[in-house]
$ cat coords-v8.cif   # mmCIF, C-alpha atoms
data_data
loop_
_atom_site.label_atom_id
_atom_site.label_comp_id
_atom_site.auth_asym_id
_atom_site.auth_seq_id
_atom_site.Cartn_x
_atom_site.Cartn_y
_atom_site.Cartn_z
CA MET P 1 0.00 0.00 0.00
CA ARG P 2 1.14 3.55 -0.46
CA ARG P 3 3.01 4.47 2.69
CA LYS P 4 4.20 7.77 4.15
CA LEU P 5 6.56 8.38 7.06
CA TYR P 6 4.84 8.39 10.43
CA LEU P 7 6.16 8.22 13.97
CA LEU P 8 4.59 5.23 15.66
CA PRO P 9 4.98 5.50 19.45
CA LEU P 10 3.49 2.11 20.23
CA LEU P 11 4.20 -0.90 18.07
CA PRO P 12 3.38 -4.15 19.88
CA LEU P 13 5.80 -6.92 19.04
CA LEU P 14 4.99 -10.59 19.38
CA PRO P 15 7.49 -12.80 21.21
CA LEU P 16 9.65 -13.67 18.24
CA PRO P 17 13.45 -14.01 18.37
CA ILE P 18 15.27 -10.78 19.26
CA PHE P 19 17.16 -9.10 16.43
CA SER P 20 20.08 -6.76 16.71
CA ALA P 21 21.04 -4.68 13.69
CA GLY P 22 24.69 -5.31 14.48
CA CYS P 23 24.51 -9.06 14.98
CA ARG P 24 26.69 -11.40 12.97
CA PRO P 25 25.48 -14.56 11.26
CA ALA P 26 25.80 -17.79 13.16
CA PRO P 27 29.00 -19.71 12.44
CA ASP P 28 27.07 -22.34 10.46
CA ALA P 29 25.22 -19.76 8.33
CA GLN P 30 25.70 -20.61 4.66
CA ILE P 31 23.05 -18.51 2.91
CA THR P 32 21.95 -14.92 3.58
CA LEU P 33 18.61 -13.79 2.17
CA ARG P 34 17.74 -10.12 1.84
CA VAL P 35 14.27 -8.58 2.17
CA LEU P 36 13.70 -5.04 0.91
CA ASN P 37 10.89 -2.72 1.98
CA TRP P 38 10.27 0.97 2.75
CA ALA P 39 9.46 0.65 6.46
CA THR P 40 10.31 3.09 9.25
CA ASP P 41 12.76 2.04 11.97
CA LEU P 42 10.26 0.50 14.40
CA GLU P 43 8.51 -1.41 11.66
CA VAL P 44 11.84 -2.70 10.30
CA MET P 45 12.54 -4.15 13.73
CA ALA P 46 9.13 -5.83 13.78
CA GLU P 47 9.66 -7.24 10.28
CA GLN P 48 13.11 -8.52 11.26
CA ARG P 49 11.60 -10.39 14.19
CA ILE P 50 9.11 -12.02 11.84
CA ALA P 51 11.90 -12.92 9.40
CA ASP P 52 13.97 -14.38 12.23
CA GLY P 53 11.21 -16.94 12.66
CA PHE P 54 11.97 -18.15 9.14
CA SER P 55 15.69 -18.45 9.93
CA ALA P 56 14.91 -20.40 13.10
CA GLN P 57 13.23 -23.07 11.01
CA ARG P 58 16.13 -23.35 8.57
CA PRO P 59 19.57 -23.75 10.10
CA GLY P 60 22.23 -22.18 7.91
CA VAL P 61 19.87 -19.52 6.52
CA ARG P 62 20.00 -15.91 7.70
CA VAL P 63 17.48 -13.22 6.69
CA ILE P 64 18.30 -9.51 6.73
CA VAL P 65 15.47 -6.97 6.42
CA GLN P 66 16.53 -3.70 4.81
CA SER P 67 14.57 -0.50 4.31
CA VAL P 68 14.81 2.07 1.52
CA VAL P 69 12.66 5.06 2.41
CA THR P 70 13.64 7.38 -0.49
CA ASN P 71 13.29 6.46 -4.20
CA TYR P 72 12.37 2.90 -3.29
CA THR P 73 11.03 1.92 -6.71
CA GLU P 74 13.99 3.28 -8.63
CA LYS P 75 16.57 1.67 -6.36
CA LEU P 76 14.77 -1.65 -6.38
CA ALA P 77 14.42 -1.71 -10.17
CA THR P 78 18.10 -0.83 -10.51
CA GLU P 79 19.14 -3.68 -8.22
CA ILE P 80 17.06 -6.19 -10.19
CA ALA P 81 18.29 -4.90 -13.56
CA SER P 82 21.91 -5.00 -12.40
CA GLY P 83 21.65 -8.65 -11.41
CA SER P 84 21.96 -8.01 -7.65
CA PRO P 85 18.33 -8.17 -6.52
CA PRO P 86 16.97 -8.72 -3.03
CA ASP P 87 15.55 -12.18 -2.50
CA VAL P 88 12.12 -10.81 -1.53
CA PHE P 89 10.75 -7.29 -1.86
CA LEU P 90 7.62 -5.47 -0.80
CA LEU P 91 5.51 -4.64 -3.84
CA ASP P 92 3.16 -1.67 -3.45
CA ALA P 93 -0.06 -1.80 -5.45
CA SER P 94 1.01 1.32 -7.36
CA HIS P 95 4.24 -0.39 -8.47
CA ILE P 96 2.56 -3.45 -10.00
CA PRO P 97 2.32 -2.20 -13.61
CA THR P 98 5.99 -1.18 -13.64
CA PHE P 99 7.35 -4.44 -12.27
CA VAL P 100 4.96 -6.72 -14.17
CA GLU P 101 5.20 -5.02 -17.57
CA ARG P 102 8.98 -4.84 -17.34
CA GLY P 103 9.23 -8.48 -16.32
CA LEU P 104 10.93 -7.75 -13.00
CA ALA P 105 8.62 -9.73 -10.71
CA LEU P 106 8.26 -13.51 -10.72
CA ASP P 107 4.85 -15.10 -11.34
CA LEU P 108 4.17 -16.88 -8.04
CA SER P 109 1.09 -18.84 -9.15
CA PRO P 110 2.96 -22.06 -10.15
CA TYR P 111 4.46 -22.27 -6.65
CA ILE P 112 1.44 -21.51 -4.44
CA ALA P 113 0.74 -25.11 -3.48
CA ARG P 114 4.44 -25.93 -3.10
CA VAL P 115 5.03 -23.19 -0.50
CA GLY P 116 1.69 -23.77 1.22
CA TYR P 117 0.23 -20.30 0.71
CA GLU P 118 -3.54 -20.33 1.30
CA THR P 119 -5.08 -18.02 -1.31
CA ALA P 120 -8.60 -19.13 -0.32
CA ARG P 121 -8.18 -17.33 3.01
CA VAL P 122 -7.36 -13.96 1.40
CA PHE P 123 -10.02 -11.30 0.83
CA PRO P 124 -10.82 -11.70 -2.90
CA GLU P 125 -10.77 -7.91 -3.29
CA VAL P 126 -7.19 -7.86 -1.97
CA LEU P 127 -5.93 -10.89 -3.89
CA GLN P 128 -7.14 -9.50 -7.21
CA VAL P 129 -4.87 -6.48 -6.81
CA PHE P 130 -1.86 -8.72 -7.45
CA ASP P 131 -3.54 -10.99 -10.01
CA ARG P 132 -3.01 -10.50 -13.71
CA GLN P 133 -4.96 -12.99 -15.82
CA GLY P 134 -4.37 -15.82 -13.38
CA ARG P 135 -0.78 -14.88 -12.61
CA LEU P 136 -0.07 -13.84 -9.05
CA TYR P 137 2.82 -11.43 -8.50
CA ALA P 138 2.81 -11.06 -4.71
CA PHE P 139 1.49 -12.70 -1.56
CA PRO P 140 -0.64 -9.99 0.12
CA LYS P 141 0.81 -8.50 3.30
CA GLY P 142 -2.11 -6.38 4.51
CA PHE P 143 -4.38 -3.57 3.37
CA THR P 144 -6.51 -0.57 4.25
CA PRO P 145 -9.40 1.41 2.78
CA MET P 146 -9.69 5.16 3.37
CA VAL P 147 -11.89 6.36 6.24
CA LEU P 148 -12.74 9.39 8.33
CA TYR P 149 -11.52 9.13 11.90
CA TYR P 150 -13.50 11.26 14.37
CA ASN P 151 -13.29 12.36 17.99
CA ARG P 152 -16.31 11.02 19.88
CA THR P 153 -15.56 13.20 22.90
CA LEU P 154 -15.77 16.36 20.82
CA PHE P 155 -19.07 15.31 19.24
CA ASP P 156 -20.50 14.60 22.69
CA GLU P 157 -19.35 17.96 24.06
CA LEU P 158 -20.99 19.77 21.14
CA ASN P 159 -24.14 17.62 21.39
CA VAL P 160 -23.77 16.54 17.74
CA ASP P 161 -24.69 13.05 16.58
CA PRO P 162 -21.55 11.16 15.52
CA PRO P 163 -21.15 9.90 11.94
CA PRO P 164 -22.80 6.57 11.15
CA GLU P 165 -20.83 3.36 10.71
CA GLU P 166 -22.32 2.79 7.28
CA GLY P 167 -23.51 4.95 4.40
CA TRP P 168 -23.95 8.68 4.88
CA THR P 169 -24.50 11.25 2.16
CA TRP P 170 -22.71 14.46 1.26
CA ASP P 171 -25.65 16.45 2.69
CA GLU P 172 -25.51 14.55 5.98
CA PHE P 173 -21.75 14.98 6.14
CA LEU P 174 -22.03 18.70 5.45
CA GLU P 175 -24.64 19.28 8.17
CA THR P 176 -22.49 17.37 10.65
CA ALA P 177 -19.34 19.22 9.58
CA LYS P 178 -20.96 22.63 9.97
CA ALA P 179 -22.17 21.70 13.45
CA VAL P 180 -18.64 20.89 14.69
CA THR P 181 -16.89 23.86 13.05
CA ARG P 182 -16.34 26.66 15.56
CA ASP P 183 -14.97 30.11 16.24
CA VAL P 184 -13.52 29.31 19.64
CA ASP P 185 -12.05 32.71 20.58
CA GLY P 186 -14.90 34.82 19.19
CA ASP P 187 -12.79 36.83 16.73
CA GLY P 188 -15.04 36.04 13.79
CA GLN P 189 -12.57 33.56 12.28
CA THR P 190 -12.88 29.78 12.21
CA ASP P 191 -10.20 28.18 14.40
CA ALA P 192 -11.68 24.73 15.12
CA TYR P 193 -12.40 22.84 11.91
CA ALA P 194 -14.54 19.87 10.96
CA VAL P 195 -12.10 18.03 8.71
CA ASP P 196 -8.82 18.36 6.81
CA PHE P 197 -9.01 19.03 3.08
CA PRO P 198 -8.38 15.85 1.01
CA ARG P 199 -5.40 17.33 -0.80
CA ARG P 200 -3.94 14.33 -2.58
CA LEU P 201 -5.49 12.08 -5.21
CA TYR P 202 -5.22 8.95 -3.05
CA GLU P 203 -7.39 10.76 -0.47
CA TRP P 204 -10.06 12.21 -2.74
CA ILE P 205 -10.49 9.36 -5.23
CA PRO P 206 -13.05 7.53 -3.03
CA TRP P 207 -15.08 10.76 -2.92
CA VAL P 208 -15.17 10.77 -6.73
CA TRP P 209 -16.09 7.10 -6.95
CA SER P 210 -18.76 7.52 -4.26
CA ALA P 211 -20.30 10.23 -6.41
CA GLY P 212 -20.52 7.92 -9.43
CA GLY P 213 -17.59 9.53 -11.25
CA ASP P 214 -14.07 8.56 -12.21
CA ILE P 215 -10.83 10.03 -13.52
CA LEU P 216 -10.05 7.56 -16.33
CA ASP P 217 -12.04 5.38 -18.72
CA PRO P 218 -12.57 1.73 -17.68
CA GLN P 219 -9.41 0.66 -19.54
CA GLY P 220 -7.35 3.37 -17.88
CA MET P 221 -6.37 4.87 -21.21
CA GLN P 222 -8.17 8.23 -21.37
CA ALA P 223 -8.85 11.06 -18.92
CA ALA P 224 -10.95 13.31 -21.18
CA GLY P 225 -14.62 12.67 -20.57
CA TYR P 226 -13.94 11.24 -17.13
CA LEU P 227 -11.70 13.55 -15.09
CA ASP P 228 -13.72 16.45 -16.53
CA SER P 229 -17.12 14.73 -16.48
CA GLU P 230 -20.05 16.50 -14.87
CA VAL P 231 -20.15 14.23 -11.82
CA THR P 232 -16.39 14.31 -11.22
CA VAL P 233 -16.32 18.11 -11.51
CA ALA P 234 -19.28 18.23 -9.10
CA THR P 235 -17.14 16.30 -6.61
CA PHE P 236 -14.30 18.80 -7.00
CA GLU P 237 -16.77 21.64 -6.50
CA PHE P 238 -18.17 20.03 -3.35
CA LEU P 239 -14.71 19.45 -1.88
CA ALA P 240 -13.57 22.98 -2.78
CA SER P 241 -16.68 24.38 -1.11
CA LEU P 242 -15.47 22.97 2.21
CA ILE P 243 -12.92 25.78 2.10
CA THR P 244 -14.41 28.48 -0.12
CA VAL P 245 -18.04 28.41 1.04
CA TRP P 246 -18.42 26.64 4.35
CA GLN P 247 -14.94 27.18 5.80
CA ILE P 248 -15.05 23.83 7.56
CA SER P 249 -11.58 22.87 6.27
CA PRO P 250 -8.44 24.99 6.60
CA VAL P 251 -6.70 26.29 3.50
CA GLN P 252 -3.44 24.47 2.72
CA PHE P 253 -1.52 23.99 -0.49
CA LEU P 254 1.51 21.92 0.48
CA ARG P 255 1.89 19.01 -1.92
CA GLY P 256 2.74 16.71 0.95
CA GLY P 257 -0.55 17.49 2.66
CA ASP P 258 -1.54 19.48 5.71
CA PRO P 259 1.25 19.10 8.32
CA MET P 260 -0.98 20.37 11.14
CA ARG P 261 -4.00 18.15 10.58
CA THR P 262 -3.11 15.38 13.04
CA GLY P 263 -2.04 17.92 15.67
CA ARG P 264 -5.38 19.73 15.38
CA PHE P 265 -7.19 16.42 15.68
CA TYR P 266 -5.29 15.38 18.82
CA VAL P 267 -6.03 18.63 20.69
CA GLY P 268 -9.70 18.90 19.66
CA ASP P 269 -9.32 21.63 17.03
CA GLN P 270 -10.42 19.27 14.26
CA ALA P 271 -13.33 16.86 14.60
CA MET P 272 -12.62 14.44 11.72
CA LEU P 273 -9.47 13.24 9.99
CA HIS P 274 -8.87 11.57 6.62
CA GLY P 275 -6.68 8.51 6.86
CA GLY P 276 -6.03 4.80 6.57
CA HIS P 277 -5.27 1.99 8.98
CA TRP P 278 -1.56 2.93 9.05
CA MET P 279 -2.49 5.88 11.29
CA LEU P 280 -4.21 3.73 13.89
CA PRO P 281 -1.25 2.90 16.22
CA ARG P 282 -0.59 6.56 16.94
CA LEU P 283 -4.29 7.40 17.20
CA LEU P 284 -4.85 4.54 19.64
CA HIS P 285 -1.95 5.87 21.71
CA TYR P 286 -3.79 9.18 22.14
CA ASN P 287 -7.05 7.33 22.72
CA ALA P 288 -5.43 5.31 25.54
CA ARG P 289 -4.11 8.52 27.12
CA GLY P 290 -7.62 9.94 27.15
CA ASP P 291 -6.81 12.82 24.77
CA ILE P 292 -9.45 11.63 22.29
CA GLU P 293 -12.16 9.00 22.11
CA LEU P 294 -11.67 7.51 18.67
CA GLY P 295 -14.34 6.61 16.15
CA VAL P 296 -14.27 5.59 12.47
CA ALA P 297 -16.74 6.52 9.73
CA PRO P 298 -16.90 5.77 5.99
CA ILE P 299 -16.26 8.30 3.23
CA PRO P 300 -19.61 10.00 2.41
CA HIS P 301 -21.35 9.32 -0.89
CA ARG P 302 -23.39 11.54 -3.17
CA THR P 303 -27.15 11.01 -2.96
CA GLY P 304 -28.16 8.42 -5.55
CA ALA P 305 -24.66 6.96 -5.91
CA ALA P 306 -23.36 3.78 -4.29
CA PRO P 307 -20.61 4.17 -1.68
CA GLN P 308 -17.25 3.00 -3.02
CA ASN P 309 -13.89 2.87 -1.39
CA VAL P 310 -10.34 2.11 -2.46
CA LEU P 311 -8.09 -0.67 -1.18
CA TYR P 312 -4.46 0.24 -0.67
CA THR P 313 -2.33 -2.84 -0.21
CA SER P 314 1.15 -4.29 -0.59
CA GLY P 315 2.53 -7.80 -0.92
CA TRP P 316 5.70 -9.87 -0.84
CA ALA P 317 7.19 -10.41 -4.29
CA VAL P 318 10.22 -12.25 -5.67
CA PRO P 319 12.53 -10.84 -8.37
CA VAL P 320 12.50 -12.78 -11.61
CA ASN P 321 16.29 -13.24 -11.47
CA VAL P 322 16.53 -14.18 -7.79
CA ARG P 323 19.49 -16.39 -6.94
CA HIS P 324 18.00 -18.62 -4.23
CA LYS P 325 14.62 -19.14 -5.87
CA ARG P 326 13.24 -21.94 -3.68
CA LEU P 327 14.19 -20.23 -0.43
CA ALA P 328 12.98 -16.85 -1.68
CA LEU P 329 9.55 -18.30 -2.52
CA GLU P 330 9.34 -19.95 0.88
CA LEU P 331 10.38 -16.72 2.59
CA ALA P 332 7.78 -14.65 0.69
CA ALA P 333 5.07 -17.11 1.74
CA PHE P 334 6.33 -17.05 5.35
CA LEU P 335 6.24 -13.24 5.48
CA ALA P 336 2.61 -13.41 4.29
CA SER P 337 1.68 -16.33 6.54
CA GLU P 338 -0.92 -16.33 9.30
CA GLY P 339 1.64 -15.83 12.04
CA ALA P 340 3.20 -12.84 10.30
CA GLN P 341 -0.20 -11.29 9.63
CA ARG P 342 -1.24 -11.73 13.24
CA SER P 343 1.91 -9.95 14.36
CA ARG P 344 1.26 -6.98 12.09
CA ALA P 345 -2.46 -6.86 12.89
CA ALA P 346 -1.57 -6.73 16.58
CA SER P 347 0.52 -3.62 15.88
CA GLY P 348 -2.50 -1.92 14.27
CA LEU P 349 -0.62 -0.83 11.15
CA GLU P 350 -2.86 -2.68 8.70
CA ILE P 351 -5.71 -5.13 8.28
CA ALA P 352 -4.70 -8.77 7.87
CA ALA P 353 -5.12 -10.03 4.30
CA PHE P 354 -6.47 -13.34 5.61
CA ARG P 355 -10.19 -12.77 6.05
CA ASP P 356 -10.57 -15.07 9.07
CA VAL P 357 -7.71 -13.35 10.89
CA ALA P 358 -9.14 -9.89 10.16
CA LEU P 359 -12.58 -10.95 11.38
CA GLU P 360 -11.07 -12.37 14.56
CA PHE P 361 -9.31 -9.10 15.34
CA ALA P 362 -12.49 -7.16 14.56
CA ALA P 363 -14.49 -9.32 16.96
CA ALA P 364 -11.97 -8.64 19.73
CA ASP P 365 -11.90 -4.86 19.13
CA THR P 366 -13.92 -3.31 21.95
CA LEU P 367 -13.85 0.12 20.27
CA GLY P 368 -15.60 -1.22 17.16
CA LEU P 369 -13.11 0.43 14.80
CA GLU P 370 -12.09 -2.71 12.92
CA ARG P 371 -15.71 -3.52 12.15
CA VAL P 372 -16.12 -0.22 10.32
CA PHE P 373 -12.92 -0.79 8.36
CA LEU P 374 -14.08 -4.22 7.26
CA ASN P 375 -17.47 -2.85 6.23
CA GLN P 376 -15.61 -0.88 3.55
CA VAL P 377 -14.15 -3.95 1.81
CA ARG P 378 -17.32 -4.93 0.02
CA GLY P 379 -17.62 -2.77 -3.08
CA SER P 380 -14.09 -1.39 -2.82
CA ARG P 381 -11.96 -1.03 -5.94
CA LEU P 382 -8.36 -1.42 -6.97
CA PRO P 383 -6.44 1.87 -6.94
CA TRP P 384 -5.73 3.17 -10.42
CA GLY P 385 -2.03 2.98 -9.64
CA ALA P 386 -2.31 -0.83 -9.59
CA LEU P 387 -3.54 -0.80 -13.18
CA VAL P 388 -1.87 2.15 -14.89
CA LYS P 389 1.88 2.30 -15.40
CA ASP P 390 3.62 5.43 -14.06
CA PHE P 391 0.40 6.59 -12.44
CA TYR P 392 2.41 8.99 -10.29
CA GLU P 393 2.56 11.29 -13.34
CA ILE P 394 -1.23 11.52 -13.33
CA GLU P 395 -1.23 12.14 -9.58
CA GLU P 396 1.21 15.01 -10.02
CA LEU P 397 -0.87 16.69 -12.74
CA ALA P 398 -4.04 16.24 -10.68
CA PHE P 399 -2.73 18.71 -8.10
CA ASP P 400 -3.32 21.49 -10.64
CA ILE P 401 -7.09 21.05 -10.54
CA MET P 402 -7.51 22.40 -7.02
CA ASP P 403 -4.45 24.66 -7.13
CA ARG P 404 -5.62 26.62 -10.14
CA HIS P 405 -9.12 26.95 -8.69
CA LEU P 406 -8.21 27.90 -5.12
CA LEU P 407 -5.13 30.01 -5.90
CA ARG P 408 -6.14 31.66 -9.16
CA GLY P 409 -9.92 31.41 -9.09
CA GLU P 410 -10.06 29.40 -12.32
CA ASP P 411 -13.27 27.57 -13.17
CA LEU P 412 -13.11 23.96 -12.00
CA ALA P 413 -14.77 22.49 -15.10
CA ALA P 414 -12.35 24.30 -17.41
CA THR P 415 -9.38 23.38 -15.24
CA ALA P 416 -10.38 19.70 -15.10
CA ALA P 417 -10.75 19.66 -18.90
CA SER P 418 -7.34 21.26 -19.32
CA VAL P 419 -5.66 18.77 -16.98
CA ALA P 420 -7.47 15.84 -18.62
CA SER P 421 -6.14 16.93 -22.03
CA GLU P 422 -2.63 17.27 -20.62
CA ILE P 423 -2.82 13.77 -19.14
CA ASP P 424 -3.97 12.31 -22.45
CA ARG P 425 -1.18 14.06 -24.34
CA MET P 426 1.37 12.79 -21.85
CA ARG P 427 0.13 9.21 -22.09
CA ALA P 428 0.09 9.34 -25.89
CA ARG P 429 3.82 10.07 -26.01
#
$ encode --input "coords-v8.cif" --output "structure tokens"
Amino acid sequence: MRRKLYLLPLLPLLPLPIFSAGCRPAPDAQITLRVLNWATDLEVMAEQRIADGFSAQRPGVRVIVQSVVTNYTEKLATEIASGSPPDVFLLDASHIPTFVERGLALDLSPYIARVGYETARVFPEVLQVFDRQGRLYAFPKGFTPMVLYYNRTLFDELNVDPPPEEGWTWDEFLETAKAVTRDVDGDGQTDAYAVDFPRRLYEWIPWVWSAGGDILDPQGMQAAGYLDSEVTVATFEFLASLITVWQISPVQFLRGGDPMRTGRFYVGDQAMLHGGHWMLPRLLHYNARGDIELGVAPIPHRTGAAPQNVLYTSGWAVPVNVRHKRLALELAAFLASEGAQRSRAASGLEIAAFRDVALEFAAADTLGLERVFLNQVRGSRLPWGALVKDFYEIEELAFDIMDRHLLRGEDLAATAASVASEIDRMRAR
């Protein structure tokens, strides 16, 4: 799944063998396998502990987990092309077209039974992300849809009904958002907001889909007629109105998103927060301290349109030119196994890809958050990045739609049409 850098204060670790970054291989170690991902420090430690479980079962085999936070895709592709690939690597959904079309990732489907990976236990919506005409290019690690977190305490203090767990409309969202937006100090200016502005495409795409619109044609080949369609433009207009009309979201134009949004949410100056499951460990930390009482709600849908969400996921893949093929396949399956998924689910970073494991964790969640997350799976879609090669170029151009409207006052329909034409020209080259 698409991952950003977050500080995770609490990351529960299951009792797996202790790993030290400076340890040396055992004297009888004959083979060293390398796993590459983009994890932060604490998550690398957790992944190393999982990988150590693989080594414990195979004397003479050592596994090293390495993280590349910057330019991960480029560095990984270079390693594979140069003939010095990792044995296993984490494949983000948005990287699938690049690695599959360039023949860099091994088709795992012929080896599923041999390594004992149980595809029948995986959410079908998650498994299909890595499936290309019956060829499987990664064993799913975990996933998340997009949601709106909210502060139950704040809603109670303001005597506002909290968002529902299932299906609410734009109109219902707007009425709720206006009720929790406040001028705290009485200076005539809003200083306690309802929600952060969904600045980036991965945040606002479920709003477009839940309005009945889209940004590309079904084959992912053309933006004109879709990105600038009436319903998609109506979504842009609704989202822009959160700032320009209702002032329930703060103005921000940083490409990396609003750096203050989580801080506002923690101190009660923002009632709702866009995010995915990767944010949950830190949010639960504040919930446990009593700073917030956490709730989860779905992305609102336009009246008359069916709610739709997006599934962001990643999986363990094997380079096509891997040296220790048998061991690499076994390691990839181990990293995606039930035990590994339970360890990650316990940390709260993601939802387990095995449906039975995810349901078990949801049943044990006394806050009811996991239940709402799982409700989003049905009807969710693959992210466009999993289907369209170099989708990051489209994401970059999409920033112009809101920028040109909010900064220059340009008409949203005209701007969307202009950006759609630019995308089509770029993809035709």
$ atom_distance --input "coords-v8.cif" --atom1 "CA of Ile394 in chain P" --atom2 "CA of Asp214 in chain P"
13.2 Å
$ atom_distance --input "coords-v8.cif" --atom1 "CA of Tyr149 in chain P" --atom2 "CA of Pro298 in chain P"
8.7 Å
$ closest_residue --input "coords-v8.cif" --among "P:Thr119, P:Thr98, P:Thr262, P:Asn151" --to "Glu338 in chain P" --atoms "only C-alpha atoms"
P:Thr119
$ residues_around --input "coords-v8.cif" --residues "Arg34 in chain P" --least-positions-apart "4" --cutoff "8 Å" --atoms "only C-alpha atoms" --output "PyMOL selection string"
chain P and resi 63-66+86-88
$ write_last_selection --input "coords-v8.cif" --atoms "C-alpha atoms" --output "mmCIF file, in the frame of the given file"
data_model
loop_
_atom_site.group_PDB
_atom_site.id
_atom_site.type_symbol
_atom_site.label_atom_id
_atom_site.label_comp_id
_atom_site.auth_asym_id
_atom_site.auth_seq_id
_atom_site.Cartn_x
_atom_site.Cartn_y
_atom_site.Cartn_z
ATOM 1 C CA VAL P 63 17.480 -13.220 6.690
ATOM 2 C CA ILE P 64 18.300 -9.510 6.730
ATOM 3 C CA VAL P 65 15.470 -6.970 6.420
ATOM 4 C CA GLN P 66 16.530 -3.700 4.810
ATOM 5 C CA PRO P 86 16.970 -8.720 -3.030
ATOM 6 C CA ASP P 87 15.550 -12.180 -2.500
ATOM 7 C CA VAL P 88 12.120 -10.810 -1.530
#
$ axis_aligned_box --input "coords-v8.cif" --around "range 271-280 of chain P" --padding-each-side "8 Å" --output "lines of an AutoDock Vina configuration file"
center_x = -7.4
center_y = 9.4
center_z = 10.6
size_x = 27.8
size_y = 30.9
size_z = 24.0
$ residues_near_point --input "coords-v8.cif" --point "(20.0, -20.1, 4.3)" --cutoff "8 Å" --atoms "only C-alpha atoms" --output "ChimeraX atom specification"
/P:29-33,55,58-63,327
$ closest_residue --input "coords-v8.cif" --among "P:Ala297, P:Glu350, P:Leu154, P:Gln219" --to "Tyr266 in chain P" --atoms "all atoms listed in the file"
P:Leu154
$ resolve_selection --input "coords-v8.cif" --expression "the PyMOL selection byres ((chain P and resi 371) around 12)" --output "MDAnalysis selection string"
chainID P and resid 165:166 295:298 351 358:370 372:377
